[in-house]
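Novice: The structure that follows is given in the form of C-alpha cells.
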Amino acid sequence: MRKLESRALRFLALVDAAKLQRIVIGALMLREIHTRYGRENLGFVWLVAEPLMFCLGVIGIWTAIHGRSEHGIPILAFVITGYIPLTLWRHITARAIHCFRANSALLYHRQIRMLDLLLARIVLEIYGAIIAYIVIAFIFWSFDLYELPKNWGMFYLGWFYFILFSTGMGLIIGSLTEIYEWMEKLVGPFMYFTLPICGVFFMVDWLPDRAQRYATYLPTVSAFELIRGGQFGNDVQVHYDLAIASASCAVLIGLGLILCRNVHRHLIIE
Amino acid sequence: MTIVASNLHKVYETQGRSHVVLNDVSLEVPRGFKLALLGRNGAGKSTLIRLISKIELPTRGKVTHGMSVSWPLGFGGTFQGSLTGIDNVKFISRIYRADYHRLRRFVDEFAELGAFLYQPVKTYSSGMRARLAFALSIAIEFDCYLIDEVIMVGDQRFHARCQEHLFSRRADRALVIASHDGGFLAQTCDAAIVLSQGQARYYDNVTQAVADYHAL
C-alpha cells in the first residue's frame, strides 16, 4: 500500500514538473513575442508579412521564368508549399544561434532549463510558420489562385516531418554555436549549400533516375514530397522514404538533446 | 534542508590561459544560517555566489540545494530592456506560479516606480532598475537569499525598507552575503568565509574574519 502511495506521489510530482515546464516555455514565448515584435505597433503582423513578401517575390520571378505552371502543376502552390516550410527551417536556425548567450541570465530562475530557452524560440517559429501558411493560403485561396490540399493526411505528415527536422537542426545549431565560437561561421555556407538539394525547388520525379534514388535519403526531400503530394494529390508522382526520414529526424533530435545537455558547462554568465 | 558545496574548483579559460578562480572551496549553509563572503575585488566572491546559485557549473566539485535558493538579490540582469516593468513582473509571477495581483501590489508599494512601471525597463535609471529587481526578489519567498554586494541601493527610505523586509520579517531565512562592509556583516552574519587567491578560510567569528580581511 505504501509502495503504491509513493509511486502515485512520484507520478503526481512528474505531472507537476511537466506542467511547470509548459508554463515556463509559455512565459518565455510571450516574453520573446513582446521583445521581438513590441506591443505598440503591428509587430506581430511581420510574422506573416515577412514570408508573404518572400513568397510574392519568388512567385513573381518564377512566373516570369517558367510561366504559370511547371511540369503541369501551378507555380503558386508549388512556391507556397516550398518556401513557407523553408522559412521555418531558416528562422529556427537563425533564432537558435547564440540563443543561450542572449538569455543566459534567465537561468538564475532555476525552473528555466537550457532546453526551455531553445524550445521557446523553436515553438514560436513553428506557430509563426503555421499561422503564416494559413493566412497566405487563405489570401490566395480567396482570389482563386490557390486550391486547398487534396490529401490532408499526407500534407500534415510532410509538415510533421519538416517540423521535426527543423527542431532537430535548431537544437544542434543552438548548442554547437554556443560550444564552438567558429561554428557560427559555418551556418551560412551550410544553409546556402543545402538550399539546392533540400527539395524546395524540385519534385523528385523530375530528376534523372539515378538522382531520384539518392534524393530521398534526405529527410527534407521526403518532407517536401509529402507536403506536395498532399497539396496536389494524384496530379503528381511522389517519392519519399518514411523510414529514413523518421530515423534521421530521431537522430537529429537525439543528438540535439545530448548537445544541449552539455552546453551548460561552456556557458559563462555575466 | 542544507545547501552543501563541496570541493568547488572553478577555472576560467581566457585566451588560451587558464585562470584558477576557486581552488577547493567547501561550505555549508543550514536553514536560517547567515554566511558572509569577504574578499578583495576579483577574489571570486561573485563566482562563488554564481556556483552556489547553480547558474554556473563548477569545473570540479558539487553543489546541492536542500532548500529553495533565490537568484542574487537585486540582480536585474534577467530584465529585458524593451519589456516594461509590468511585463517583467508578469514573467516572474508566471514562472514562479505566484499570484500576479499580489506581486504587482507588492512591487508597486515596495519599489515606488509609479507610472514608470508601465515603461520599458531601458528607460529606467540604474537606481530604479535596482529597486524593481530588489522588490521582485523579495516578493518571491525563498528559504535562502543570495546577496551580491549591492545591498545598499536607493535612498535612506528604500534602504530602511529593504532592511525591514529582509532582516526583520525574514529573520528565519538563510543568507549568503558578499560584501565589503565589515561592520554590517559582523552585525548580521553567523560565520564568514574569506576568499584570497582561490583559497577559502572559514571563520566562526565574523569580527575576526573582518579584521583578517582588512589585514590582507
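How things are named: the first chain in the C-alpha cells is A, the next is B, and so on; residues count from 1 in each chain; ligands count from 1 in the order shown.
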Would you give me, as a tab-separated table (two decimals) with N, CA and C atoms, in the first residue's frame, the residues of chain B that come within 8 Å of chain A, using only C-alpha atoms?
Specialist:
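Written output follows (selection.tsv):
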```tsv
chain	number	residue	atom	x	y	z
B	53	SER	N	24.39	29.40	-6.59
B	53	SER	CA	23.06	29.53	-7.20
B	53	SER	C	22.84	28.50	-8.29
B	54	LYS	N	23.90	27.81	-8.68
B	54	LYS	CA	23.86	26.75	-9.69
B	54	LYS	C	23.69	27.27	-11.11
B	55	ILE	N	23.76	28.60	-11.30
B	55	ILE	CA	23.62	29.07	-12.68
B	55	ILE	C	24.87	28.72	-13.46
B	56	GLU	N	26.04	28.75	-12.81
B	56	GLU	CA	27.26	28.28	-13.45
B	56	GLU	C	27.68	26.98	-12.81
B	57	LEU	N	28.27	26.10	-13.61
B	57	LEU	CA	28.70	24.82	-13.06
B	57	LEU	C	30.17	24.91	-12.69
B	58	PRO	N	30.55	24.28	-11.58
B	58	PRO	CA	31.97	24.28	-11.21
B	58	PRO	C	32.76	23.38	-12.16
B	59	THR	N	34.06	23.69	-12.29
B	59	THR	CA	34.93	22.83	-13.11
B	59	THR	C	35.03	21.46	-12.45
B	70	SER	N	17.38	31.74	-3.76
B	70	SER	CA	16.97	32.85	-4.62
B	70	SER	C	17.99	33.10	-5.72
B	71	TRP	N	17.60	33.89	-6.72
B	71	TRP	CA	18.61	34.44	-7.62
B	71	TRP	C	19.28	35.57	-6.84
B	72	PRO	N	20.49	36.02	-7.22
B	72	PRO	CA	21.16	37.06	-6.42
B	72	PRO	C	20.24	38.27	-6.24
B	77	GLY	N	19.83	41.58	-14.10
B	77	GLY	CA	20.30	41.08	-15.39
B	77	GLY	C	19.28	40.25	-16.16
B	78	THR	N	18.25	39.78	-15.45
B	78	THR	CA	17.27	38.98	-16.17
B	78	THR	C	16.20	39.86	-16.81
B	80	GLN	N	14.60	42.25	-19.50
B	80	GLN	CA	14.76	42.54	-20.91
B	80	GLN	C	14.43	44.02	-21.08
B	82	SER	N	13.56	46.05	-23.38
B	82	SER	CA	12.42	46.56	-24.12
B	82	SER	C	11.10	46.17	-23.48
B	83	LEU	N	11.15	45.33	-22.45
B	83	LEU	CA	9.92	45.00	-21.74
B	83	LEU	C	9.66	46.03	-20.65
B	87	ASP	N	5.68	43.89	-17.49
B	87	ASP	CA	5.97	42.65	-18.23
B	87	ASP	C	6.88	41.74	-17.42
B	91	PHE	N	6.15	38.08	-15.96
B	91	PHE	CA	7.01	36.94	-16.28
B	91	PHE	C	7.40	36.18	-15.01
B	94	ARG	N	4.49	34.33	-13.54
B	94	ARG	CA	4.16	33.10	-14.28
B	94	ARG	C	5.09	31.97	-13.89
B	95	ILE	N	6.41	32.22	-14.01
B	95	ILE	CA	7.31	31.08	-13.83
B	95	ILE	C	7.43	30.65	-12.37
```
Novice: Please return as a ChimeraX atom specification: the residues of range 66-183 of chain B that backbone DSSP assigns to helix (DSSP H, G or I).
Specialist: /B:85-95,100-111,114-118,121-123,126-139,156-168,182-183
Novice: Skipping near chain neighbours, those fewer than 2 positions away, what residues fall within 8 Å of Val20 in chain B using only C-alpha atoms, listed as an NGL selection string?
Specialist: :B and (9-12 or 18 or 22-23 or 198)
Novice: Go ahead and dump the residues you just picked, C-alpha atoms, as a short mmCIF file (atom, residue, chain, number, x, y, z; two decimals), in the first residue's frame.
Specialist:
```cif
data_model
loop_
_atom_site.label_atom_id
_atom_site.label_comp_id
_atom_site.auth_asym_id
_atom_site.auth_seq_id
_atom_site.Cartn_x
_atom_site.Cartn_y
_atom_site.Cartn_z
CA HIS B 9 37.08 24.28 -8.28
CA LYS B 10 36.46 26.91 -10.91
CA VAL B 11 38.88 27.52 -13.74
CA TYR B 12 38.23 30.05 -16.49
CA SER B 18 43.66 29.09 -17.53
CA LEU B 22 38.36 28.95 -6.83
CA ASN B 23 40.56 26.17 -5.58
CA GLY B 198 41.31 30.99 -4.77
#
```
Novice: Which of range 89-215 of chain B end up as strand (DSSP E) when DSSP is run on this backbone - answer as JSON, numbers by chain?
Specialist: {"B": [144, 145, 146, 147, 148, 174, 175, 176, 177, 178, 191, 192, 193, 194, 195, 196, 199, 200, 201, 202, 203]}
Novice: Give me the residues within 8 Å of Ile244 in chain A as a PyMOL selection string, counting only C-alpha atoms and dropping any in the same chain fewer than 4 places off.
Specialist: chain A and resi 217-219+248
Novice: Write out, as a PDB file, in the first residue's frame, the residues just selected, with N, CA and C atoms.
Specialist:
```pdb
ATOM      1  N   TYR A 217      17.143  10.065 -49.670  1.00  0.00           N
ATOM      2  CA  TYR A 217      17.969   9.893 -48.475  1.00  0.00           C
ATOM      3  C   TYR A 217      17.893  11.129 -47.583  1.00  0.00           C
ATOM      4  N   LEU A 218      17.566  12.258 -48.181  1.00  0.00           N
ATOM      5  CA  LEU A 218      17.480  13.488 -47.401  1.00  0.00           C
ATOM      6  C   LEU A 218      16.084  13.630 -46.799  1.00  0.00           C
ATOM      7  N   PRO A 219      16.011  13.815 -45.480  1.00  0.00           N
ATOM      8  CA  PRO A 219      14.691  13.906 -44.839  1.00  0.00           C
ATOM      9  C   PRO A 219      13.872  15.095 -45.341  1.00  0.00           C
ATOM     10  N   SER A 248      16.338   9.687 -39.446  1.00  0.00           N
ATOM     11  CA  SER A 248      17.262  10.827 -39.413  1.00  0.00           C
ATOM     12  C   SER A 248      16.718  11.946 -38.521  1.00  0.00           C
TER      13      SER A 248
END
```
Novice: Excluding Ile73 in chain A and residues on its chain fewer than 6 positions from it, collect all residues at most 9 Å away from it, counting only C-alpha atoms, and give them as a CSV table (one decimal) with N, CA, C and O atoms, in the first residue's frame.
Specialist:
```
chain,number,residue,atom,x,y,z
A,232,PHE,N,-1.1,18.4,-54.1
A,232,PHE,CA,-1.6,18.2,-55.5
A,232,PHE,C,-2.3,16.9,-55.7
A,232,PHE,O,-2.8,16.6,-56.8
A,235,ASP,N,-2.2,14.5,-59.0
A,235,ASP,CA,-1.6,15.2,-60.1
A,235,ASP,C,-0.1,15.1,-60.2
A,235,ASP,O,0.5,15.3,-61.2
A,236,VAL,N,0.5,14.6,-59.1
A,236,VAL,CA,1.9,14.5,-59.0
A,236,VAL,C,2.3,13.1,-58.6
A,236,VAL,O,1.6,12.4,-57.8
```
Novice: Show me, as an MDAnalysis selection string, the residues that have an atom within 10 Å of Glu149 in chain B when counting only C-alpha atoms, minus same-chain residues fewer than 6 positions from it.
Specialist: chainID B and resid 37 45:46 72:74 177:181
Novice: Could you please take those selected residues and save C-alpha atoms as an mmCIF file, in the first residue's frame?
Specialist:
```cif
data_model
loop_
_atom_site.group_PDB
_atom_site.id
_atom_site.type_symbol
_atom_site.label_atom_id
_atom_site.label_comp_id
_atom_site.auth_asym_id
_atom_site.auth_seq_id
_atom_site.Cartn_x
_atom_site.Cartn_y
_atom_site.Cartn_z
ATOM 1 C CA LEU B 37 31.700 36.196 1.976
ATOM 2 C CA LYS B 45 33.024 36.155 -4.350
ATOM 3 C CA SER B 46 30.667 36.620 -7.273
ATOM 4 C CA PRO B 72 21.157 37.059 -6.422
ATOM 5 C CA LEU B 73 19.109 39.695 -4.680
ATOM 6 C CA GLY B 74 18.666 42.874 -6.635
ATOM 7 C CA ILE B 177 26.098 37.810 1.581
ATOM 8 C CA ALA B 178 29.105 39.021 -0.373
ATOM 9 C CA SER B 179 30.066 42.496 0.777
ATOM 10 C CA HIS B 180 32.956 44.796 1.673
ATOM 11 C CA ASP B 181 31.047 46.322 4.552
#
```
Novice: Show which residues sit within 12 Å of Gln208 in chain B, as a list of chain:residue names. Count only C-alpha atoms, and ignore same-chain residues fewer than 6 positions away.
Specialist: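 That gives B:Leu38, B:Gly182, B:Gly183, B:Leu185, B:Ala186, B:Asp190, B:Ala191, B:Ala192, B:Ile193, B:Val194, B:Arg201, B:Tyr202, B:His214, B:Ala215.
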Novice: Grab the residues selected above and save them as a CSV table (one decimal), in the first residue's frame with all heavy atoms.
Specialist:
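Now in result-v5.csv:
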```csv
chain,number,residue,atom,x,y,z
B,38,LEU,N,33.8,37.4,2.2
B,38,LEU,CA,34.7,38.5,2.2
B,38,LEU,C,35.8,38.2,1.2
B,38,LEU,O,36.2,37.1,1.0
B,38,LEU,CB,35.3,38.8,3.6
B,38,LEU,CG,34.4,39.5,4.6
B,38,LEU,CD1,34.8,39.2,6.0
B,38,LEU,CD2,34.3,41.0,4.3
B,182,GLY,N,32.4,45.5,6.4
B,182,GLY,CA,32.7,44.6,7.5
B,182,GLY,C,31.7,44.8,8.7
B,182,GLY,O,31.3,43.8,9.3
B,183,GLY,N,31.5,46.0,9.0
B,183,GLY,CA,30.6,46.3,10.2
B,183,GLY,C,29.2,45.7,10.0
B,183,GLY,O,28.7,45.0,10.9
B,185,LEU,N,28.4,43.1,8.1
B,185,LEU,CA,28.5,41.7,8.1
B,185,LEU,C,28.6,41.2,9.5
B,185,LEU,O,28.0,40.2,9.9
B,185,LEU,CB,29.7,41.2,7.2
B,185,LEU,CG,29.6,41.4,5.7
B,185,LEU,CD1,30.8,41.0,5.0
B,185,LEU,CD2,28.3,40.7,5.2
B,186,ALA,N,29.5,41.8,10.3
B,186,ALA,CA,29.7,41.4,11.7
B,186,ALA,C,28.4,41.4,12.5
B,186,ALA,O,28.1,40.6,13.3
B,186,ALA,CB,30.8,42.3,12.4
B,190,ASP,N,26.5,34.8,11.0
B,190,ASP,CA,26.8,33.8,12.0
B,190,ASP,C,28.3,33.3,11.7
B,190,ASP,O,28.9,32.9,12.7
B,190,ASP,CB,25.9,32.6,11.9
B,190,ASP,CG,24.5,33.0,12.1
B,190,ASP,OD1,24.2,33.8,13.0
B,190,ASP,OD2,23.6,32.6,11.3
B,191,ALA,N,28.7,33.4,10.5
B,191,ALA,CA,30.0,32.9,10.1
B,191,ALA,C,30.5,33.6,8.9
B,191,ALA,O,29.7,34.2,8.2
B,191,ALA,CB,30.0,31.4,9.9
B,192,ALA,N,31.8,33.4,8.6
B,192,ALA,CA,32.3,34.1,7.4
B,192,ALA,C,33.3,33.3,6.7
B,192,ALA,O,34.0,32.4,7.3
B,192,ALA,CB,33.0,35.5,7.8
B,193,ILE,N,33.4,33.5,5.4
B,193,ILE,CA,34.5,32.9,4.6
B,193,ILE,C,35.3,34.0,4.0
B,193,ILE,O,34.7,35.0,3.4
B,193,ILE,CB,33.9,32.0,3.5
B,193,ILE,CG1,33.5,30.7,4.1
B,193,ILE,CG2,34.8,31.8,2.4
B,193,ILE,CD1,32.8,29.7,3.2
B,194,VAL,N,36.6,34.0,4.1
B,194,VAL,CA,37.4,35.0,3.5
B,194,VAL,C,38.1,34.3,2.3
B,194,VAL,O,38.8,33.3,2.4
B,194,VAL,CB,38.5,35.6,4.5
B,194,VAL,CG1,39.4,36.6,3.7
B,194,VAL,CG2,37.8,36.2,5.6
B,201,ARG,N,39.1,30.6,3.6
B,201,ARG,CA,39.3,30.4,5.1
B,201,ARG,C,38.0,30.6,5.8
B,201,ARG,O,37.3,31.6,5.6
B,201,ARG,CB,40.4,31.4,5.6
B,201,ARG,CG,41.6,30.6,6.1
B,201,ARG,CD,42.6,31.5,6.7
B,201,ARG,NE,42.6,31.4,8.1
B,201,ARG,CZ,43.3,32.1,8.9
B,201,ARG,NH1,44.1,33.0,8.4
B,201,ARG,NH2,43.3,31.9,10.2
B,202,TYR,N,37.7,29.7,6.7
B,202,TYR,CA,36.4,29.7,7.3
B,202,TYR,C,36.5,30.3,8.7
B,202,TYR,O,37.5,29.9,9.5
B,202,TYR,CB,35.8,28.3,7.4
B,202,TYR,CG,34.4,28.2,7.9
B,202,TYR,CD1,33.4,28.3,7.0
B,202,TYR,CD2,34.1,28.0,9.2
B,202,TYR,CE1,32.0,28.2,7.4
B,202,TYR,CE2,32.8,28.0,9.7
B,202,TYR,CZ,31.8,28.1,8.7
B,202,TYR,OH,30.5,28.0,9.2
B,214,HIS,N,40.8,42.8,6.4
B,214,HIS,CA,41.4,44.1,6.3
B,214,HIS,C,42.9,44.1,6.3
B,214,HIS,O,43.6,44.9,5.7
B,214,HIS,CB,40.9,45.1,7.4
B,214,HIS,CG,39.5,45.5,7.1
B,214,HIS,ND1,39.2,46.2,6.0
B,214,HIS,CD2,38.4,45.5,7.9
B,214,HIS,CE1,37.9,46.5,6.0
B,214,HIS,NE2,37.4,46.0,7.2
B,215,ALA,N,43.5,43.0,6.9
B,215,ALA,CA,44.9,42.9,7.0
B,215,ALA,C,45.5,42.3,5.7
B,215,ALA,O,46.7,42.3,5.5
B,215,ALA,CB,45.3,42.0,8.2
```
